[in-house]
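One structure is given below, encoded as structure tokens.
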Amino acid sequence: MPSIAKPIAKHPTLQKNALGLTIRDYEGSMSTLCAGCGHDSVTAGIIRALWELSTPPHRVAKLSGIGCSSKTPTYFVGGAHGFNSAHGRMPAIAGGAVAANRDLTYIGISGDGDSLSIGLGQLCHAIRRNLRMVYVIENNGVYGLTKGQFSASSDIGSKSKRGEANLMAPIDPVSMALSIGATFVARSFSGDKEQLVPILKAAFSHKGFALIDVISPCVTFNDHKGSTKSYLYTRQHAMRATQTDFVPPQHEILAAIGTNGATAVTMHDGSVIQFKQVPKGYDPTNRASVMRFLDEHRASNQIVTGLLYVDPNSSDIHEMKQTSETPLRDLPYDVLCPGSAALEKLQEEYR
Amino acid sequence: MHDVLRTRVNDFAVKLANVNGTGSASANSLIMQAIFRMGIPVTGKNLFPSNIQGLPTWYEIRVNHDGYGARALDYDLMVAMNGQTYKQDVQEVRPGGYLIYDSTWPLDPSLMREDIIIWGIPLAEMCNTHFDDPRARILMKNIAYAGAMVAALDIDMGVIEQMLDEKFAGKQAMRASNLQALKLGYDYAKDNFECPLPFRLEKMDANGDKVLIDGNTATALGCLYAGATVAAWYPITPATSVMDAFTSLCAEFRVDRETGKNNYLILQAEDELAAMGMVLGATWNGARSFTSTAGPGISLMNELIGFGYYAELPAVLIDVQRVGPSTGMPTRTQQSDLLLCAYASHGDTKHILLFPANPNECFHFAVKAFDLADQFQTPVIMLSDLDIGMNDWVVPRIQWDDSYRPNRGRVLTKEDLDNGPKFTRYSPEDENFVAARTLPGVSTKGSYFTRGSGHNKFGGYTETPSEYQEVMDRLKKKHAAAAKFIPEPDILRREGAAFGVITMGGCNPACLEALELLERQGTPADYMRLKGFPFSDVVEQFLAEHEFCIVVEQSRDAQLKSLLTLETAVPKEKLKSVLSYSGFPLSAAHVVKGILECLR
Ligand SMILES: Cc1ncc(C[n+]2csc(CCOP(=O)(O)OP(=O)(O)O)c2C)c(N)n1
Ligand code: SF4
Ligand SMILES: [Mg+2]
């Protein structure tokens with residue numbers, strides 16, 4: 001994808017994180033997306049989250065499929081390796097990458113076309129494998145890069161730019177993920193950084209697959225009147241069901257626990273997700289109740305946002321498969337090769 | 001074309017007709033293994049249906065003291081255990097040959113043949129009297145006919161008993177009932193017929209320390225020894241047993257003794273698209289990784305094979321070929337994925353291919369595939385096939401050189417990056433047109449974007465014609481440079497040869513035998529067995545040296561011939577074809593006939 005290098009003008013007063021890096025150190029090349037594209041805001045959120053978490057840039061691996069959304073890994077963490085794969089195939093590439101090295105921080109960026117049509121199968125299976133990665137769907141209800149076709153997340157009745165209404169039921173990645181056992185599920189809106197950044201931070205601390213569906217409007221092909229993925233419609237219908245704070249390990253929990261039956265969830269690494277606000281009776285660790293809540297609100301055309309479900313005891317693929325703690329790619333060859341004597345002995349069975 | 005020579009010691013063919021799912025396989029391999037242990041060259045071919053239970057299945061055993069192991073086409077002995085196929089089976093016995101059938105039920109007189117000798121043995125009846133359990137009665141019937149064969153062919157009973165000891169160590173009851181069933185058949189044959197038959201076995205010492213192994217197991221061993229840690233696959237005949245074997249090998253050799261943790265990860269993917277993606281993700285991240293599949297899987301993997309080629313990521317694919325197109329005949333063998341693999345994926349792509357001809361080569365070529373993939377940073381496809389992969393072959397024992405170290409190709413370390421010039425992904429290139437790569441997680445100095453979209457030699461996105469072409473031209477040269485690193489073809493010259501015969505893979509035994517037969521008939525030919533692609537100068541030279549060459553292969557469309565025409569300087573007119581694409585392994589008779597037709 002075309003990209004333009006950003007001038008490296010470091011501002012001396014820019015704040016530094018624990019690694020002594022400024023937020024600019026987490027940026028990538030200049031975006032070439034349309035001005036106002038929701039995807040750029042998601043990029044900004046990712047940059048902020050990783051900077052605040054002080055994740056070493058070279059320990060990040062960023063992957064994507066194909067689409068406008070999938071171009072965005074070029075625009076964040078320039079110091080990280082990136083893998084812009086094929087359309088709908090990023091979940092599998094990520095599966096192999098995670099298998100080879102369990103120690104990196106993985107972020108996958110996809111679109112609604114990439115994840116809910118051509119790549120739906122791979123997404124589902126990545127969820128089932130519970131790969132340890134953050135998986136962001138930049139959901140604009142449209143194929144941006146191929147210029148405006150309906151995607152599988154288009155709502156019934158939502159109108160294309162040419163005025164044609166979509167008649168088929170949408171695939172909601174959040175409900176889908178919950179139904180197949182996803183261990184971390186959130187939805188946010190590209191226009192709500194305040195909500196998105198803490199969700200991303202929590203997602204990075206999750207030991208498993210963290211799915212974040214981000215409504216991210218396409219200003220060029222799906223931001224008109226009649227579209228249910230426009231900025232206006234999303235602003236009018238988004239309902240912040242939960243609001244969270246992310247407290248990294250060893251940090252004092254400062255914020256007061258919210259009133260509305262709020263709760264705190266401690267993650268495997270000792271970090272805490274603080275639910276400042278949750279609806280009455282809502283338990284973000286109870287899958288069935290979350291699914292019920294979503295169903296009820298969908299009926300009234302509300303777009304429920306927030307960190308919706310988390311399983312703090314999630315076990316990822318390596319835990320399930322009992323893989324070596326040392327990343328597989330770092331195992332020395334001597335450990336891997338049984339040697340000539342073993343081969344000799346083994347072949348006695350083939351006599 | 002039966003041969004009087006075949007009524008001699010250690011030179012005959014047996015065919016066993018069974019119903020699949022009845023447990024005949026273990027009886028058949030018992031016989032095969034016993035002959036092997038008697039030191040006699042032997043081959044076994046399983047001709048089986050794509051079905052779990054109830055359909056016809058055949059097993060062919062060929063014994064040949066000279067070591068010719070291709071499929072034989074006429075049978076000295078038929079063990080006809082399947083009523084559904086009697087008619088056909090009876091016809092396939094050579095005149096003067098023998099047939100054993102289960103005489104519990106009378107044989108339809110119309111199936112009788114005057115020119116063969118028929119042994120009726122009441123196998124079911126005997127087993128019903130001696131065994132109570134209904135399942136045991138069915139299974140033991142197989143062991144009972146094996147017993148009759150022991151008597152008929154003069155198989156060493158001591159060898160058989162030893163094998164039962166090993167197989168049923170700690171399971172005395174099982175051992176006893178198997179031996180009992182064996183003796184039932186053996187005694188019946190001895191008491192009622194003249195044993196042994198005119199064609200029979202005699203101990204030899206031709207197998208030395210050879211092993212009896214199938215290609216898929218050997219392939220899995222190769223992947224283990226190459227240091228593969230991530231494997232991704234989707235079940236498919238005839239490749240499934242590669243991953244089954246790799247799984248059990250890993251359970252034995254790759255579990256850390258202290259921690260109990262696994263030094264491998266096998267991912268059963270949701271399909272072959274995903275399997276290929278997983279391999280690329282793993283190699284991008286520095287692990288050795290492979291997938292095993294068959295034609296339908298290669299079709300699905302195409303998009304990402306092209307990604308691996310263009311983005312220059314190592315990958316090892318094991319294609320155990322079966323009969324296409326489409327689902328084709330999943331349990332039959334062919335070499336018809338050749339062109340698909342050579343140029344897999346859209347756009348201008350070319351891949352490195354290896355053609356093992358037997359299980360021993362499956363092992364070594366699998367290891368080689370990993371080295372080539374890493375060295376050339378590209379997908380490498382090893383083209384095995386069902387015949388090599390799933391049948392047991394007698395091959396030289398696999399030798400391992402402990403000084404082997406994987407060739408991981410040009411991968412920069414943190415130190416390289418800290419001390420070296422600024423890293424760019426696709427330049428500078430070495431003498432083989434390969435540029436250094438970096439792995440994620442090592443240093444921000446090595447970071448770059450792996451992409452399947454247009455890129456320039458620095459790894460940056462491009463749509464500029466000259467920049468795009470520069471990379472594409474280098475990729476072409478890189479592929480050509482790999483020719484030097486591919487195992488050289490086996491070349492066998494004969495005095496007075498007027499033409500050459502060229503083949504690959506599993507056609508080898510039939511061709512070697514055919515060339516011997518042709519020489520005896522006064523038609524000597526030179527021989528070249530290709531071991532991989534791209535083709536080296538040696539291949540060009542062989543083609544240039546001969547007035548014409550006959551390409552023997554297992555596909556309808558003469559794919560190897562096409563590849564030679566496309567990728568060497570040979571004029572099309574200089575190549576002729578002998579083709580076999582029935583799905584059964586090639587026989588020498590077929591090759592001889594085909595070559596003689598070409599010469600007419
Ligand atoms: C195999 C394949 N088919 C089709 C395409 C064409 N294509 C490119 S992007 C895209 C849709 C992208 O939509 P989405 O994932 O929603 O991303 P967006 O551009 O909306 O962010 C399609 C169909 C392709 N690149 N590869
Ligand atoms: S077409 Fe839509 S999705 Fe693509 S960059 Fe423009 S606004 Fe964003
Ligand atoms: Mg989209």
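Note on naming: chains are A, B, ... as they come in the structure tokens, residues start from 1 per chain, ligands start from 1 in the order shown.
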
| query | Please, which residues of chain B lie no more than 6 Å from chain A when the count uses only C-alpha atoms, and can they be set out as a list in words? | reply |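 Applying the cut-off to the listed atoms yields Val211, Leu212, Ile213, Tyr225, Gly227, Lys261, Asn262, Asn263, Ala274, Gly277, Met278, Val279, Gly281, Ala282, Asn285, Gly286, Ala287, Trp400, Pro440, Gly441, Ser443, Thr444, Ser447, Tyr448, Phe449, Thr450, Arg451 and Tyr461 of chain B.
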
| task | From stretch 134-182 of chain A, collect each residue whose DSSP state is alpha helix (DSSP H) and return the set as an MDAnalysis selection string. | result | chainID A and resid 173:179

| said: Please return as a PyMOL selection string the residues found within 10 Å of ligand 2, counting only C-alpha atoms and all ligand atoms. | reply: chain A and resi 31-40+67-72+111+138-148+216-223

| query | atom CA of B:Ala369 to atom CA of B:Ile381: how many Å, to one decimal? | reply |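 Value for the atom CA of B:Ala369-atom CA of B:Ile381 distance: 7.3 Å.
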
| request: For B:Leu512, work out the shell of residues within 10 Å, counting only C-alpha atoms and skipping chain neighbours fewer than 5 positions away, then give it as a list in words. | output: Tyr68, Gly69, Ala70, Leu492, Val501, Cys507, Leu517, Leu518, Tyr527, Arg529, Ala588 and Val591 of chain B

Emit the selected residues as a tab-separated table (two decimals), in the first residue's frame, including all heavy atoms.
chain	number	residue	atom	x	y	z
B	68	TYR	N	13.47	-56.52	-8.53
B	68	TYR	CA	12.52	-55.69	-9.27
B	68	TYR	C	11.22	-55.60	-8.49
B	68	TYR	O	10.60	-56.60	-8.17
B	68	TYR	CB	12.29	-56.24	-10.68
B	68	TYR	CG	13.51	-56.05	-11.54
B	68	TYR	CD1	14.15	-57.11	-12.15
B	68	TYR	CD2	14.05	-54.76	-11.68
B	68	TYR	CE1	15.30	-56.91	-12.90
B	68	TYR	CE2	15.20	-54.56	-12.43
B	68	TYR	CZ	15.82	-55.63	-13.04
B	68	TYR	OH	16.94	-55.43	-13.77
B	69	GLY	N	10.86	-54.38	-8.22
B	69	GLY	CA	9.75	-54.21	-7.29
B	69	GLY	C	8.54	-53.53	-7.87
B	69	GLY	O	7.62	-53.15	-7.14
B	70	ALA	N	8.50	-53.35	-9.18
B	70	ALA	CA	7.32	-52.69	-9.75
B	70	ALA	C	6.14	-53.66	-9.68
B	70	ALA	O	6.30	-54.85	-9.45
B	70	ALA	CB	7.58	-52.28	-11.18
B	492	LEU	N	21.74	-43.55	-15.94
B	492	LEU	CA	22.22	-44.91	-16.16
B	492	LEU	C	22.38	-45.09	-17.66
B	492	LEU	O	21.40	-45.00	-18.40
B	492	LEU	CB	21.15	-45.87	-15.63
B	492	LEU	CG	21.54	-47.31	-15.41
B	492	LEU	CD1	22.43	-47.40	-14.18
B	492	LEU	CD2	20.27	-48.14	-15.17
B	501	VAL	N	15.48	-42.55	-21.85
B	501	VAL	CA	14.20	-42.65	-21.16
B	501	VAL	C	14.29	-41.76	-19.93
B	501	VAL	O	15.27	-41.80	-19.20
B	501	VAL	CB	13.89	-44.12	-20.77
B	501	VAL	CG1	12.70	-44.19	-19.84
B	501	VAL	CG2	13.66	-44.96	-22.02
B	507	CYS	N	7.81	-43.91	-10.71
B	507	CYS	CA	7.94	-44.71	-11.94
B	507	CYS	C	9.27	-45.47	-11.95
B	507	CYS	O	9.48	-46.32	-12.83
B	507	CYS	CB	7.89	-43.81	-13.17
B	507	CYS	SG	6.35	-42.95	-13.39
B	517	LEU	N	14.67	-55.38	-19.39
B	517	LEU	CA	13.98	-56.27	-20.32
B	517	LEU	C	14.24	-55.85	-21.77
B	517	LEU	O	14.49	-56.68	-22.65
B	517	LEU	CB	12.46	-56.27	-20.05
B	517	LEU	CG	12.04	-56.87	-18.71
B	517	LEU	CD1	10.56	-56.60	-18.44
B	517	LEU	CD2	12.30	-58.38	-18.70
B	518	LEU	N	14.21	-54.55	-22.00
B	518	LEU	CA	14.42	-54.05	-23.36
B	518	LEU	C	15.84	-54.34	-23.83
B	518	LEU	O	16.06	-54.69	-24.99
B	518	LEU	CB	14.15	-52.54	-23.41
B	518	LEU	CG	12.68	-52.15	-23.45
B	518	LEU	CD1	12.51	-50.66	-23.21
B	518	LEU	CD2	12.04	-52.55	-24.78
B	527	TYR	N	19.10	-43.86	-19.38
B	527	TYR	CA	18.04	-43.58	-18.42
B	527	TYR	C	18.39	-42.36	-17.58
B	527	TYR	O	19.54	-42.21	-17.13
B	527	TYR	CB	17.89	-44.80	-17.50
B	527	TYR	CG	16.80	-44.69	-16.45
B	527	TYR	CD1	15.48	-44.44	-16.81
B	527	TYR	CD2	17.10	-44.87	-15.10
B	527	TYR	CE1	14.48	-44.38	-15.84
B	527	TYR	CE2	16.11	-44.81	-14.12
B	527	TYR	CZ	14.80	-44.55	-14.50
B	527	TYR	OH	13.82	-44.50	-13.55
B	529	ARG	N	16.59	-40.36	-14.27
B	529	ARG	CA	15.48	-40.14	-13.34
B	529	ARG	C	15.67	-38.78	-12.67
B	529	ARG	O	16.64	-38.56	-11.95
B	529	ARG	CB	15.43	-41.23	-12.27
B	529	ARG	CG	14.37	-40.90	-11.19
B	529	ARG	CD	14.10	-42.05	-10.28
B	529	ARG	NE	15.23	-42.38	-9.41
B	529	ARG	CZ	15.45	-41.83	-8.21
B	529	ARG	NH1	14.65	-40.88	-7.75
B	529	ARG	NH2	16.48	-42.22	-7.48
B	588	ALA	N	6.36	-52.76	-15.25
B	588	ALA	CA	7.40	-52.79	-16.27
B	588	ALA	C	6.79	-53.15	-17.62
B	588	ALA	O	7.19	-52.62	-18.66
B	588	ALA	CB	8.49	-53.79	-15.88
B	591	VAL	N	5.54	-50.20	-19.39
B	591	VAL	CA	6.62	-49.33	-19.90
B	591	VAL	C	7.24	-49.94	-21.16
B	591	VAL	O	7.46	-49.26	-22.16
B	591	VAL	CB	7.70	-49.09	-18.81
B	591	VAL	CG1	8.82	-48.22	-19.34
B	591	VAL	CG2	7.06	-48.46	-17.57

| said: If I take atom CA of A:Asn130 and atom CA of B:Glu270, how far is one from the other in Å, to one decimal? | reply: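 Between atom CA of A:Asn130 and atom CA of B:Glu270 the gap works out to 14.0 Å.
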